[in-house]
Amino acid sequence: MHVPSPRGSRRFLLAALLAVALPQGAVMADTPLSIPIHQHVLGNGLRVLLSPDRTVPVVAISVYYDVGSRVEQRGRSGFAHLFEHMMFQGSASVGKAEHFQYVNNRGGTCNGTTSEDRTNYFETLPSSELELGLWLEADRMRSLAITAENFENQRQTVMEERRQSYENRPYALSFLRINELAFQGYFPYEHSTIGDMNDLQAAPLEAVQEFFRNYYAPNNAILALVGDIDVDATLRLVEKHFGTIAPHATPSFDDPPLAPQGAERSESMPDALAQLPGMHVAYHVPAMRHPDHYALELLGTVLGDGESSRLYQELVKERELVQDMSVGTDNRRGPDLFSFFMVLAQGKTGAEVRTHVDRQIEDVIRSGVTPRELEKAKNRTRASFIFRLQTNLQRAMRLTESWMYWGDPRLLLSEIDRYEAVTNEDVKRVAGRYLVRTNRTILDVVPTPPQEDAAAPAAP
(Lines give C-alpha, C1' and ligand atoms only; values in the text may rest on other atoms or scores of the structure.)
Protein backbone atom coordinates (compact mmCIF):
# COMPACT_ATOMS: atom_id res chain seq x y z
CA MET A 1 0.00 0.00 0.00
CA HIS A 2 1.46 3.29 -1.05
CA VAL A 3 0.69 6.68 0.48
CA PRO A 4 -1.12 8.99 -1.95
CA SER A 5 0.56 12.26 -2.80
CA PRO A 6 -1.50 15.06 -1.22
CA ARG A 7 -1.15 18.50 -2.75
CA GLY A 8 -0.68 21.25 -0.20
CA SER A 9 -1.83 24.85 -0.55
CA ARG A 10 1.52 26.56 -0.08
CA ARG A 11 3.43 27.66 -3.16
CA PHE A 12 7.12 26.86 -3.30
CA LEU A 13 9.66 27.17 -6.04
CA LEU A 14 11.72 24.02 -6.48
CA ALA A 15 14.69 25.75 -4.92
CA ALA A 16 12.61 26.50 -1.86
CA LEU A 17 11.77 22.86 -1.40
CA LEU A 18 15.23 21.39 -1.52
CA ALA A 19 18.47 22.13 0.26
CA VAL A 20 21.78 20.34 0.47
CA ALA A 21 21.88 17.94 3.42
CA LEU A 22 24.63 19.01 5.74
CA PRO A 23 27.30 17.06 7.60
CA GLN A 24 26.32 15.98 11.07
CA GLY A 25 26.04 18.93 13.42
CA ALA A 26 26.43 21.55 10.69
CA VAL A 27 24.03 24.47 10.34
CA MET A 28 23.19 26.07 7.01
CA ALA A 29 22.72 29.81 6.79
CA ASP A 30 19.13 30.77 6.16
CA THR A 31 18.34 31.84 2.62
CA PRO A 32 14.94 32.90 1.20
CA LEU A 33 14.62 29.77 -0.92
CA SER A 34 15.98 26.88 1.12
CA ILE A 35 14.93 24.22 3.53
CA PRO A 36 17.75 23.17 5.89
CA ILE A 37 18.27 19.46 6.40
CA HIS A 38 20.31 18.06 9.27
CA GLN A 39 21.45 14.43 9.49
CA HIS A 40 22.45 12.74 12.75
CA VAL A 41 23.07 9.19 13.88
CA LEU A 42 22.47 8.17 17.50
CA GLY A 43 24.77 5.82 19.34
CA ASN A 44 22.35 2.93 18.81
CA GLY A 45 22.39 3.43 15.03
CA LEU A 46 19.08 5.30 14.63
CA ARG A 47 19.40 7.73 11.73
CA VAL A 48 17.70 11.07 12.35
CA LEU A 49 16.73 13.61 9.69
CA LEU A 50 15.60 17.09 10.76
CA SER A 51 14.15 19.76 8.50
CA PRO A 52 12.85 22.93 10.20
CA ASP A 53 10.01 24.81 8.51
CA ARG A 54 8.28 27.45 10.65
CA THR A 55 5.56 28.27 8.09
CA VAL A 56 2.81 26.73 10.24
CA PRO A 57 2.93 25.33 13.82
CA VAL A 58 2.80 21.71 12.66
CA VAL A 59 5.36 18.90 12.65
CA ALA A 60 5.45 15.66 10.68
CA ILE A 61 7.02 12.62 12.35
CA SER A 62 7.90 9.69 10.12
CA VAL A 63 9.63 6.45 11.13
CA TYR A 64 10.80 4.18 8.32
CA TYR A 65 11.91 0.62 8.98
CA ASP A 66 14.06 -1.00 6.32
CA VAL A 67 11.70 -3.94 5.98
CA GLY A 68 9.16 -4.60 3.25
CA SER A 69 7.69 -7.72 1.75
CA ARG A 70 10.80 -8.24 -0.40
CA VAL A 71 12.73 -9.53 2.64
CA GLU A 72 10.13 -12.20 3.47
CA GLN A 73 10.77 -15.90 3.09
CA ARG A 74 8.67 -18.43 1.21
CA GLY A 75 5.90 -19.65 3.48
CA ARG A 76 6.12 -16.48 5.58
CA SER A 77 4.60 -13.90 3.24
CA GLY A 78 2.59 -11.00 4.62
CA PHE A 79 4.62 -10.49 7.79
CA ALA A 80 5.79 -6.96 6.93
CA HIS A 81 2.22 -5.86 6.29
CA LEU A 82 0.97 -7.70 9.37
CA PHE A 83 3.30 -5.57 11.49
CA GLU A 84 1.81 -2.41 10.05
CA HIS A 85 -1.31 -3.51 11.95
CA MET A 86 0.48 -4.99 14.99
CA MET A 87 2.27 -1.71 15.68
CA PHE A 88 -1.02 -0.12 16.76
CA GLN A 89 -1.94 -2.89 19.21
CA GLY A 90 -0.19 -1.49 22.24
CA SER A 91 3.18 -1.45 23.96
CA ALA A 92 4.57 -1.16 27.48
CA SER A 93 3.04 2.28 28.14
CA VAL A 94 0.29 2.47 25.50
CA GLY A 95 -2.84 0.34 25.39
CA LYS A 96 -4.44 -1.27 22.37
CA ALA A 97 -5.58 1.36 19.82
CA GLU A 98 -4.57 4.16 22.23
CA HIS A 99 -1.94 5.40 19.76
CA PHE A 100 -4.72 6.73 17.53
CA GLN A 101 -6.57 8.19 20.51
CA TYR A 102 -3.54 10.09 21.82
CA VAL A 103 -2.85 11.62 18.41
CA ASN A 104 -6.45 12.35 17.40
CA ASN A 105 -7.30 13.93 20.76
CA ARG A 106 -4.48 16.42 20.26
CA GLY A 107 -5.56 17.46 16.79
CA GLY A 108 -3.27 15.18 14.83
CA THR A 109 -3.46 12.29 12.39
CA CYS A 110 -1.45 9.09 12.13
CA ASN A 111 -1.21 5.89 10.14
CA GLY A 112 1.22 3.44 8.59
CA THR A 113 1.88 1.91 5.18
CA THR A 114 3.73 -1.09 3.81
CA SER A 115 5.26 -1.67 0.41
CA GLU A 116 7.61 -4.20 -1.11
CA ASP A 117 10.53 -2.00 -0.10
CA ARG A 118 9.81 -0.49 3.34
CA THR A 119 7.36 0.02 6.20
CA ASN A 120 6.63 3.47 7.57
CA TYR A 121 4.63 4.98 10.42
CA PHE A 122 3.77 8.64 10.69
CA GLU A 123 2.04 11.35 12.66
CA THR A 124 1.21 14.95 11.82
CA LEU A 125 0.75 16.93 15.03
CA PRO A 126 0.69 20.49 16.33
CA SER A 127 4.35 21.26 17.03
CA SER A 128 3.51 21.67 20.73
CA GLU A 129 2.82 17.90 20.77
CA LEU A 130 6.14 16.87 19.23
CA GLU A 131 7.26 15.03 22.36
CA LEU A 132 4.04 13.03 22.44
CA GLY A 133 4.72 11.70 18.94
CA LEU A 134 8.31 10.82 19.80
CA TRP A 135 7.23 9.04 22.98
CA LEU A 136 4.63 7.00 21.11
CA GLU A 137 7.03 5.90 18.38
CA ALA A 138 9.85 5.11 20.80
CA ASP A 139 7.61 3.09 23.11
CA ARG A 140 6.45 0.72 20.39
CA MET A 141 9.94 0.42 18.90
CA ARG A 142 11.17 -0.64 22.32
CA SER A 143 8.30 -2.74 23.67
CA LEU A 144 5.60 -3.74 21.18
CA ALA A 145 2.99 -6.05 22.73
CA ILE A 146 3.18 -9.14 20.49
CA THR A 147 0.72 -11.29 22.42
CA ALA A 148 -1.20 -14.28 21.15
CA GLU A 149 -4.44 -12.29 21.42
CA ASN A 150 -3.11 -9.30 19.48
CA PHE A 151 -1.55 -11.52 16.85
CA GLU A 152 -4.69 -13.55 16.24
CA ASN A 153 -6.85 -10.44 16.12
CA GLN A 154 -4.64 -8.73 13.54
CA ARG A 155 -4.15 -11.89 11.51
CA GLN A 156 -7.91 -12.02 11.06
CA THR A 157 -7.96 -8.30 10.25
CA VAL A 158 -5.35 -8.70 7.51
CA MET A 159 -7.15 -11.70 6.04
CA GLU A 160 -10.36 -9.70 5.93
CA GLU A 161 -8.48 -6.80 4.32
CA ARG A 162 -7.25 -9.17 1.62
CA ARG A 163 -10.81 -10.35 1.00
CA GLN A 164 -12.17 -6.82 0.79
CA SER A 165 -9.31 -5.21 -1.13
CA TYR A 166 -8.51 -8.00 -3.57
CA GLU A 167 -10.85 -10.96 -3.59
CA ASN A 168 -14.04 -8.88 -3.66
CA ARG A 169 -12.93 -6.19 -6.12
CA PRO A 170 -12.89 -6.46 -9.90
CA TYR A 171 -9.42 -6.70 -11.50
CA ALA A 172 -7.67 -6.51 -8.09
CA LEU A 173 -6.36 -10.09 -8.11
CA SER A 174 -5.00 -9.53 -11.62
CA PHE A 175 -2.55 -6.98 -10.20
CA LEU A 176 -1.14 -9.69 -7.96
CA ARG A 177 -1.10 -12.22 -10.78
CA ILE A 178 0.80 -10.03 -13.25
CA ASN A 179 3.62 -9.70 -10.71
CA GLU A 180 3.65 -13.45 -10.15
CA LEU A 181 3.98 -14.02 -13.89
CA ALA A 182 6.51 -11.29 -14.61
CA PHE A 183 8.71 -12.02 -11.57
CA GLN A 184 8.29 -15.80 -11.50
CA GLY A 185 11.27 -17.28 -9.73
CA TYR A 186 12.23 -13.92 -8.18
CA PHE A 187 10.48 -14.17 -4.81
CA PRO A 188 11.11 -10.62 -3.47
CA TYR A 189 8.63 -9.16 -5.98
CA GLU A 190 6.85 -12.30 -7.13
CA HIS A 191 4.66 -12.48 -4.04
CA SER A 192 2.22 -9.87 -2.77
CA THR A 193 2.78 -7.43 0.08
CA ILE A 194 -0.56 -8.29 1.67
CA GLY A 195 0.49 -11.94 1.85
CA ASP A 196 -0.84 -15.32 0.88
CA MET A 197 -3.94 -16.46 2.78
CA ASN A 198 -2.44 -19.87 3.54
CA ASP A 199 0.77 -18.31 4.85
CA LEU A 200 -1.19 -16.00 7.14
CA GLN A 201 -3.30 -18.88 8.47
CA ALA A 202 -0.25 -21.05 9.14
CA ALA A 203 1.96 -18.38 10.73
CA PRO A 204 2.99 -19.27 14.31
CA LEU A 205 3.27 -16.60 16.99
CA GLU A 206 6.96 -17.39 17.50
CA ALA A 207 7.76 -16.56 13.87
CA VAL A 208 6.01 -13.20 14.17
CA GLN A 209 7.91 -12.37 17.36
CA GLU A 210 11.16 -13.29 15.64
CA PHE A 211 10.29 -11.02 12.71
CA PHE A 212 9.95 -8.08 15.12
CA ARG A 213 13.27 -8.86 16.78
CA ASN A 214 14.97 -9.11 13.40
CA TYR A 215 13.81 -5.89 11.79
CA TYR A 216 12.30 -3.47 14.34
CA ALA A 217 15.55 -2.10 15.72
CA PRO A 218 16.81 1.49 15.89
CA ASN A 219 19.77 0.60 13.68
CA ASN A 220 17.31 -0.54 10.99
CA ALA A 221 15.23 2.65 11.07
CA ILE A 222 15.22 6.32 10.07
CA LEU A 223 13.34 8.96 12.06
CA ALA A 224 12.42 12.09 10.10
CA LEU A 225 11.06 15.26 11.69
CA VAL A 226 9.93 18.03 9.35
CA GLY A 227 8.13 21.22 10.30
CA ASP A 228 8.00 23.66 13.19
CA ILE A 229 10.98 22.39 15.21
CA ASP A 230 14.10 23.71 16.85
CA VAL A 231 17.00 21.49 15.82
CA ASP A 232 18.95 21.38 19.08
CA ALA A 233 15.89 21.01 21.32
CA THR A 234 14.45 18.32 19.06
CA LEU A 235 17.68 16.34 19.07
CA ARG A 236 17.63 16.37 22.86
CA LEU A 237 14.09 14.96 22.81
CA VAL A 238 15.06 12.31 20.27
CA GLU A 239 18.01 11.24 22.40
CA LYS A 240 15.79 11.19 25.51
CA HIS A 241 13.20 8.86 24.00
CA PHE A 242 15.16 6.76 21.50
CA GLY A 243 18.74 6.85 22.77
CA THR A 244 18.33 4.03 25.30
CA ILE A 245 16.70 1.55 22.89
CA ALA A 246 19.20 -1.24 22.37
CA PRO A 247 20.38 -2.00 18.84
CA HIS A 248 20.68 -5.55 17.59
CA ALA A 249 21.82 -7.39 14.53
CA THR A 250 19.41 -7.41 11.60
CA PRO A 251 19.48 -9.92 8.74
CA SER A 252 21.20 -8.75 5.60
CA PHE A 253 19.10 -8.82 2.46
CA ASP A 254 20.81 -10.83 -0.24
CA ASP A 255 19.05 -9.65 -3.37
CA PRO A 256 18.90 -12.66 -5.70
CA PRO A 257 19.63 -12.13 -9.39
CA LEU A 258 16.67 -11.70 -11.71
CA ALA A 259 17.08 -14.08 -14.61
CA PRO A 260 16.61 -12.38 -18.00
CA GLN A 261 13.32 -13.17 -19.69
CA GLY A 262 13.92 -14.85 -23.03
CA ALA A 263 10.40 -15.20 -24.41
CA GLU A 264 7.01 -13.57 -24.14
CA ARG A 265 4.77 -14.92 -21.38
CA SER A 266 1.00 -14.76 -21.62
CA GLU A 267 -2.00 -15.95 -19.67
CA SER A 268 -5.74 -15.37 -19.46
CA MET A 269 -7.43 -14.95 -16.10
CA PRO A 270 -11.17 -15.22 -15.41
CA ASP A 271 -12.71 -12.56 -13.20
CA ALA A 272 -16.28 -13.07 -12.02
CA LEU A 273 -16.45 -9.49 -10.69
CA ALA A 274 -15.29 -7.70 -13.84
CA GLN A 275 -17.95 -6.26 -16.13
CA LEU A 276 -15.50 -5.46 -18.93
CA PRO A 277 -12.35 -7.21 -20.18
CA GLY A 278 -8.99 -5.98 -18.92
CA MET A 279 -5.38 -6.24 -20.02
CA HIS A 280 -1.98 -6.06 -18.35
CA VAL A 281 1.31 -5.82 -20.23
CA ALA A 282 4.52 -5.63 -18.20
CA TYR A 283 8.10 -5.18 -19.42
CA HIS A 284 11.17 -5.69 -17.23
CA VAL A 285 13.15 -2.47 -16.67
CA PRO A 286 15.90 -1.41 -14.25
CA ALA A 287 15.32 -0.13 -10.73
CA MET A 288 14.58 3.47 -9.79
CA ARG A 289 17.52 5.86 -10.19
CA HIS A 290 19.10 3.72 -12.90
CA PRO A 291 19.98 6.19 -15.68
CA ASP A 292 17.52 4.53 -18.08
CA HIS A 293 14.64 4.78 -15.60
CA TYR A 294 14.24 8.53 -16.08
CA ALA A 295 13.73 8.20 -19.83
CA LEU A 296 11.28 5.33 -19.26
CA GLU A 297 9.25 7.44 -16.83
CA LEU A 298 8.98 10.25 -19.37
CA LEU A 299 8.02 7.74 -22.05
CA GLY A 300 5.21 6.49 -19.81
CA THR A 301 3.95 10.06 -19.53
CA VAL A 302 3.98 10.52 -23.30
CA LEU A 303 2.19 7.24 -23.93
CA GLY A 304 -0.46 7.20 -21.25
CA ASP A 305 -0.52 10.04 -18.71
CA GLY A 306 -3.55 12.25 -19.19
CA GLU A 307 -6.12 12.79 -21.89
CA SER A 308 -3.63 14.31 -24.33
CA SER A 309 -1.32 11.28 -24.22
CA ARG A 310 -0.84 9.18 -27.33
CA LEU A 311 -2.66 6.05 -26.20
CA TYR A 312 -5.54 7.90 -24.57
CA GLN A 313 -6.13 9.88 -27.74
CA GLU A 314 -6.06 6.81 -29.97
CA LEU A 315 -7.56 4.05 -27.84
CA VAL A 316 -10.11 5.97 -25.77
CA LYS A 317 -11.15 8.96 -27.83
CA GLU A 318 -10.63 7.96 -31.45
CA ARG A 319 -11.13 4.19 -31.63
CA GLU A 320 -13.20 3.72 -28.44
CA LEU A 321 -11.40 0.46 -27.67
CA VAL A 322 -10.53 1.29 -24.06
CA GLN A 323 -12.52 2.70 -21.12
CA ASP A 324 -9.66 3.45 -18.73
CA MET A 325 -5.89 3.07 -18.66
CA SER A 326 -2.66 3.59 -16.76
CA VAL A 327 0.87 3.45 -18.18
CA GLY A 328 4.26 3.86 -16.55
CA THR A 329 6.96 2.44 -14.33
CA ASP A 330 6.03 0.75 -11.06
CA ASN A 331 8.96 2.45 -9.23
CA ARG A 332 10.51 -0.34 -7.21
CA ARG A 333 13.71 -0.19 -5.25
CA GLY A 334 14.89 -3.33 -7.06
CA PRO A 335 14.11 -4.68 -10.55
CA ASP A 336 11.15 -2.75 -11.90
CA LEU A 337 8.36 -3.07 -14.46
CA PHE A 338 7.06 -0.75 -17.16
CA SER A 339 3.36 -1.56 -16.95
CA PHE A 340 0.21 -1.06 -18.99
CA PHE A 341 -3.21 -1.74 -17.49
CA MET A 342 -6.36 -1.10 -19.48
CA VAL A 343 -10.05 -1.70 -18.98
CA LEU A 344 -11.36 -2.43 -22.45
CA ALA A 345 -14.65 -1.50 -24.08
CA GLN A 346 -17.39 -4.10 -24.22
CA GLY A 347 -16.61 -6.84 -26.74
CA LYS A 348 -13.00 -5.79 -27.33
CA THR A 349 -10.02 -8.09 -26.78
CA GLY A 350 -6.53 -7.61 -25.47
CA ALA A 351 -5.06 -8.88 -28.72
CA GLU A 352 -6.94 -6.20 -30.67
CA VAL A 353 -5.79 -3.42 -28.37
CA ARG A 354 -2.19 -4.63 -28.27
CA THR A 355 -1.81 -4.18 -32.03
CA HIS A 356 -2.31 -0.44 -31.55
CA VAL A 357 -0.11 -0.28 -28.44
CA ASP A 358 2.65 -2.14 -30.28
CA ARG A 359 2.42 0.23 -33.23
CA GLN A 360 2.86 3.23 -30.95
CA ILE A 361 5.88 1.61 -29.30
CA GLU A 362 7.39 0.79 -32.69
CA ASP A 363 6.90 4.41 -33.73
CA VAL A 364 8.82 5.60 -30.66
CA ILE A 365 11.61 3.10 -31.34
CA ARG A 366 11.83 4.36 -34.92
CA SER A 367 11.28 8.10 -34.52
CA GLY A 368 11.25 8.89 -30.82
CA VAL A 369 8.84 11.50 -29.48
CA THR A 370 8.26 15.05 -30.63
CA PRO A 371 9.99 17.99 -28.94
CA ARG A 372 6.61 19.17 -27.71
CA GLU A 373 5.78 15.74 -26.22
CA LEU A 374 9.10 15.57 -24.41
CA GLU A 375 8.79 19.12 -23.11
CA LYS A 376 5.25 18.44 -21.89
CA ALA A 377 6.33 15.23 -20.14
CA LYS A 378 9.13 17.06 -18.36
CA ASN A 379 6.76 19.85 -17.31
CA ARG A 380 4.27 17.36 -15.87
CA THR A 381 7.06 15.54 -14.05
CA ARG A 382 8.43 18.77 -12.62
CA ALA A 383 5.00 19.90 -11.42
CA SER A 384 4.29 16.53 -9.82
CA PHE A 385 7.69 16.55 -8.12
CA ILE A 386 7.09 19.98 -6.62
CA PHE A 387 3.54 19.25 -5.50
CA ARG A 388 4.69 16.05 -3.78
CA LEU A 389 7.08 18.07 -1.64
CA GLN A 390 4.67 20.74 -0.49
CA THR A 391 3.61 19.07 2.76
CA ASN A 392 5.87 18.39 5.71
CA LEU A 393 4.89 14.73 5.67
CA GLN A 394 5.60 14.15 2.00
CA ARG A 395 8.94 15.93 2.30
CA ALA A 396 9.85 13.71 5.23
CA MET A 397 8.93 10.59 3.27
CA ARG A 398 10.78 11.48 0.08
CA LEU A 399 13.96 12.49 1.88
CA THR A 400 13.84 9.40 4.08
CA GLU A 401 13.38 7.06 1.14
CA SER A 402 16.32 8.67 -0.63
CA TRP A 403 18.47 8.06 2.46
CA MET A 404 17.21 4.52 3.05
CA TYR A 405 17.21 3.29 -0.54
CA TRP A 406 20.22 5.08 -1.97
CA GLY A 407 22.27 6.06 1.08
CA ASP A 408 21.94 9.85 0.93
CA PRO A 409 18.94 12.20 1.13
CA ARG A 410 20.94 14.72 -0.91
CA LEU A 411 20.35 12.60 -3.98
CA LEU A 412 16.83 13.99 -4.09
CA LEU A 413 18.42 17.28 -5.14
CA SER A 414 19.48 15.89 -8.49
CA GLU A 415 16.21 14.23 -9.48
CA ILE A 416 14.74 17.04 -11.57
CA ASP A 417 18.07 17.58 -13.30
CA ARG A 418 18.10 13.92 -14.34
CA TYR A 419 14.70 14.22 -16.00
CA GLU A 420 15.68 17.49 -17.65
CA ALA A 421 18.76 15.83 -19.16
CA VAL A 422 16.73 13.15 -20.99
CA THR A 423 16.86 13.54 -24.77
CA ASN A 424 14.77 12.16 -27.59
CA GLU A 425 17.62 9.76 -28.38
CA ASP A 426 17.44 8.47 -24.79
CA VAL A 427 13.72 7.80 -25.17
CA LYS A 428 14.24 5.97 -28.47
CA ARG A 429 17.06 3.92 -26.98
CA VAL A 430 15.22 2.73 -23.86
CA ALA A 431 12.09 1.91 -25.86
CA GLY A 432 14.15 -0.22 -28.23
CA ARG A 433 16.05 -1.89 -25.43
CA TYR A 434 13.25 -2.74 -23.00
CA LEU A 435 9.86 -2.56 -24.74
CA VAL A 436 10.37 -5.67 -26.84
CA ARG A 437 8.12 -8.70 -27.00
CA THR A 438 10.61 -11.20 -25.59
CA ASN A 439 10.83 -9.02 -22.47
CA ARG A 440 7.12 -8.73 -21.78
CA THR A 441 4.39 -10.53 -19.87
CA ILE A 442 0.73 -10.37 -20.90
CA LEU A 443 -2.29 -11.03 -18.74
CA ASP A 444 -5.77 -10.80 -20.24
CA VAL A 445 -8.61 -10.46 -17.73
CA VAL A 446 -11.77 -12.14 -18.97
CA PRO A 447 -15.17 -11.35 -17.39
CA THR A 448 -16.66 -14.65 -16.28
CA PRO A 449 -20.16 -14.46 -14.78
CA PRO A 450 -20.75 -16.89 -11.92
CA GLN A 451 -22.21 -20.17 -13.08
CA GLU A 452 -25.91 -20.59 -12.47
CA ASP A 453 -26.76 -23.33 -10.00
CA ALA A 454 -27.78 -26.24 -12.24
CA ALA A 455 -29.89 -27.73 -9.46
CA ALA A 456 -31.95 -24.58 -9.01
CA PRO A 457 -35.56 -24.94 -10.17
CA ALA A 458 -36.51 -23.21 -13.42
CA ALA A 459 -38.48 -20.01 -13.14
CA PRO A 460 -42.21 -20.54 -13.66
# chains A, B, ... in the order shown; residues from 1 in each chain; ligands from 1
>>> residues_around(residues="Leu399 in chain A", least_positions_apart="2", cutoff="12 Å", atoms="only C-alpha atoms", output="MDAnalysis selection string")
chainID A and resid 17:21 35 37:39 48:51 62:64 222:226 388:389 392:397 401:413 415
>>> select_by_dssp(residues="range 54-188 of chain A", states="strand (DSSP E or B)", output="PyMOL selection string")
chain A and resi 58-65+91+109-114+119-126+144
>>> closest_residue(among="A:Glu161, A:Asp358, A:Asp196, A:Glu264", to="Arg74 in chain A", atoms="only C-alpha atoms")
A:Asp196
>>> select_by_dssp(residues="range 183-254 of chain A", states="alpha helix (DSSP H)", output="number ranges by chain")
A: 187-190, 197-202, 205-215, 231-242
>>> write_last_selection(atoms="N, CA and C atoms", output="CSV table (one decimal), in the first residue's frame")
chain,number,residue,atom,x,y,z
A,187,PHE,N,11.5,-14.2,-5.9
A,187,PHE,CA,10.5,-14.2,-4.8
A,187,PHE,C,10.3,-12.8,-4.2
A,188,PRO,N,11.3,-11.9,-4.1
A,188,PRO,CA,11.1,-10.6,-3.5
A,188,PRO,C,9.9,-9.9,-4.0
A,189,TYR,N,9.7,-9.9,-5.4
A,189,TYR,CA,8.6,-9.2,-6.0
A,189,TYR,C,7.6,-10.1,-6.6
A,190,GLU,N,7.8,-11.4,-6.6
A,190,GLU,CA,6.8,-12.3,-7.1
A,190,GLU,C,5.6,-12.4,-6.2
A,197,MET,N,-3.0,-16.1,1.7
A,197,MET,CA,-3.9,-16.5,2.8
A,197,MET,C,-3.5,-17.7,3.6
A,198,ASN,N,-2.9,-18.7,2.9
A,198,ASN,CA,-2.4,-19.9,3.5
A,198,ASN,C,-1.3,-19.6,4.5
A,199,ASP,N,-0.4,-18.7,4.0
A,199,ASP,CA,0.8,-18.3,4.9
A,199,ASP,C,0.3,-17.6,6.1
A,200,LEU,N,-0.7,-16.7,6.0
A,200,LEU,CA,-1.2,-16.0,7.1
A,200,LEU,C,-1.9,-17.0,8.1
A,201,GLN,N,-2.6,-17.9,7.6
A,201,GLN,CA,-3.3,-18.9,8.5
A,201,GLN,C,-2.3,-19.8,9.2
A,202,ALA,N,-1.2,-20.1,8.6
A,202,ALA,CA,-0.2,-21.1,9.1
A,202,ALA,C,0.8,-20.4,10.0
A,205,LEU,N,3.0,-17.8,16.2
A,205,LEU,CA,3.3,-16.6,17.0
A,205,LEU,C,4.8,-16.4,17.1
A,206,GLU,N,5.5,-17.5,17.3
A,206,GLU,CA,7.0,-17.4,17.5
A,206,GLU,C,7.6,-16.8,16.3
A,207,ALA,N,7.2,-17.1,15.1
A,207,ALA,CA,7.8,-16.6,13.9
A,207,ALA,C,7.5,-15.1,13.8
A,208,VAL,N,6.3,-14.6,14.2
A,208,VAL,CA,6.0,-13.2,14.2
A,208,VAL,C,6.9,-12.4,15.2
A,209,GLN,N,7.1,-13.0,16.4
A,209,GLN,CA,7.9,-12.4,17.4
A,209,GLN,C,9.3,-12.3,16.9
A,210,GLU,N,9.8,-13.3,16.2
A,210,GLU,CA,11.2,-13.3,15.6
A,210,GLU,C,11.3,-12.2,14.6
A,211,PHE,N,10.3,-12.0,13.8
A,211,PHE,CA,10.3,-11.0,12.7
A,211,PHE,C,10.5,-9.6,13.3
A,212,PHE,N,9.8,-9.4,14.4
A,212,PHE,CA,10.0,-8.1,15.1
A,212,PHE,C,11.4,-7.9,15.6
A,213,ARG,N,11.9,-8.9,16.3
A,213,ARG,CA,13.3,-8.9,16.8
A,213,ARG,C,14.3,-8.6,15.7
A,214,ASN,N,14.0,-9.2,14.5
A,214,ASN,CA,15.0,-9.1,13.4
A,214,ASN,C,15.0,-7.7,12.8
A,215,TYR,N,13.9,-7.1,12.6
A,215,TYR,CA,13.8,-5.9,11.8
A,215,TYR,C,13.4,-4.6,12.5
A,231,VAL,N,16.1,22.6,16.0
A,231,VAL,CA,17.0,21.5,15.8
A,231,VAL,C,17.6,21.0,17.1
A,232,ASP,N,18.2,21.8,17.9
A,232,ASP,CA,18.9,21.4,19.1
A,232,ASP,C,18.0,20.8,20.1
A,233,ALA,N,16.9,21.5,20.3
A,233,ALA,CA,15.9,21.0,21.3
A,233,ALA,C,15.3,19.7,20.9
A,234,THR,N,15.0,19.6,19.6
A,234,THR,CA,14.4,18.3,19.1
A,234,THR,C,15.4,17.2,19.2
A,235,LEU,N,16.7,17.4,18.9
A,235,LEU,CA,17.7,16.3,19.1
A,235,LEU,C,17.8,15.9,20.5
A,236,ARG,N,17.6,16.8,21.5
A,236,ARG,CA,17.6,16.4,22.9
A,236,ARG,C,16.4,15.5,23.2
A,237,LEU,N,15.3,15.8,22.6
A,237,LEU,CA,14.1,15.0,22.8
A,237,LEU,C,14.3,13.6,22.1
A,238,VAL,N,14.8,13.6,21.0
A,238,VAL,CA,15.1,12.3,20.3
A,238,VAL,C,16.0,11.4,21.1
A,239,GLU,N,17.1,12.0,21.6
A,239,GLU,CA,18.0,11.2,22.4
A,239,GLU,C,17.3,10.7,23.7
A,240,LYS,N,16.5,11.6,24.3
A,240,LYS,CA,15.8,11.2,25.5
A,240,LYS,C,14.9,10.0,25.3
A,241,HIS,N,14.2,9.9,24.2
A,241,HIS,CA,13.2,8.9,24.0
A,241,HIS,C,13.7,7.7,23.2
A,242,PHE,N,14.7,7.9,22.3
A,242,PHE,CA,15.2,6.8,21.5
A,242,PHE,C,16.6,6.3,21.9
>>> atom_distance(atom1="CA of Tyr186 in chain A", atom2="CA of Asp255 in chain A")
9.4 Å
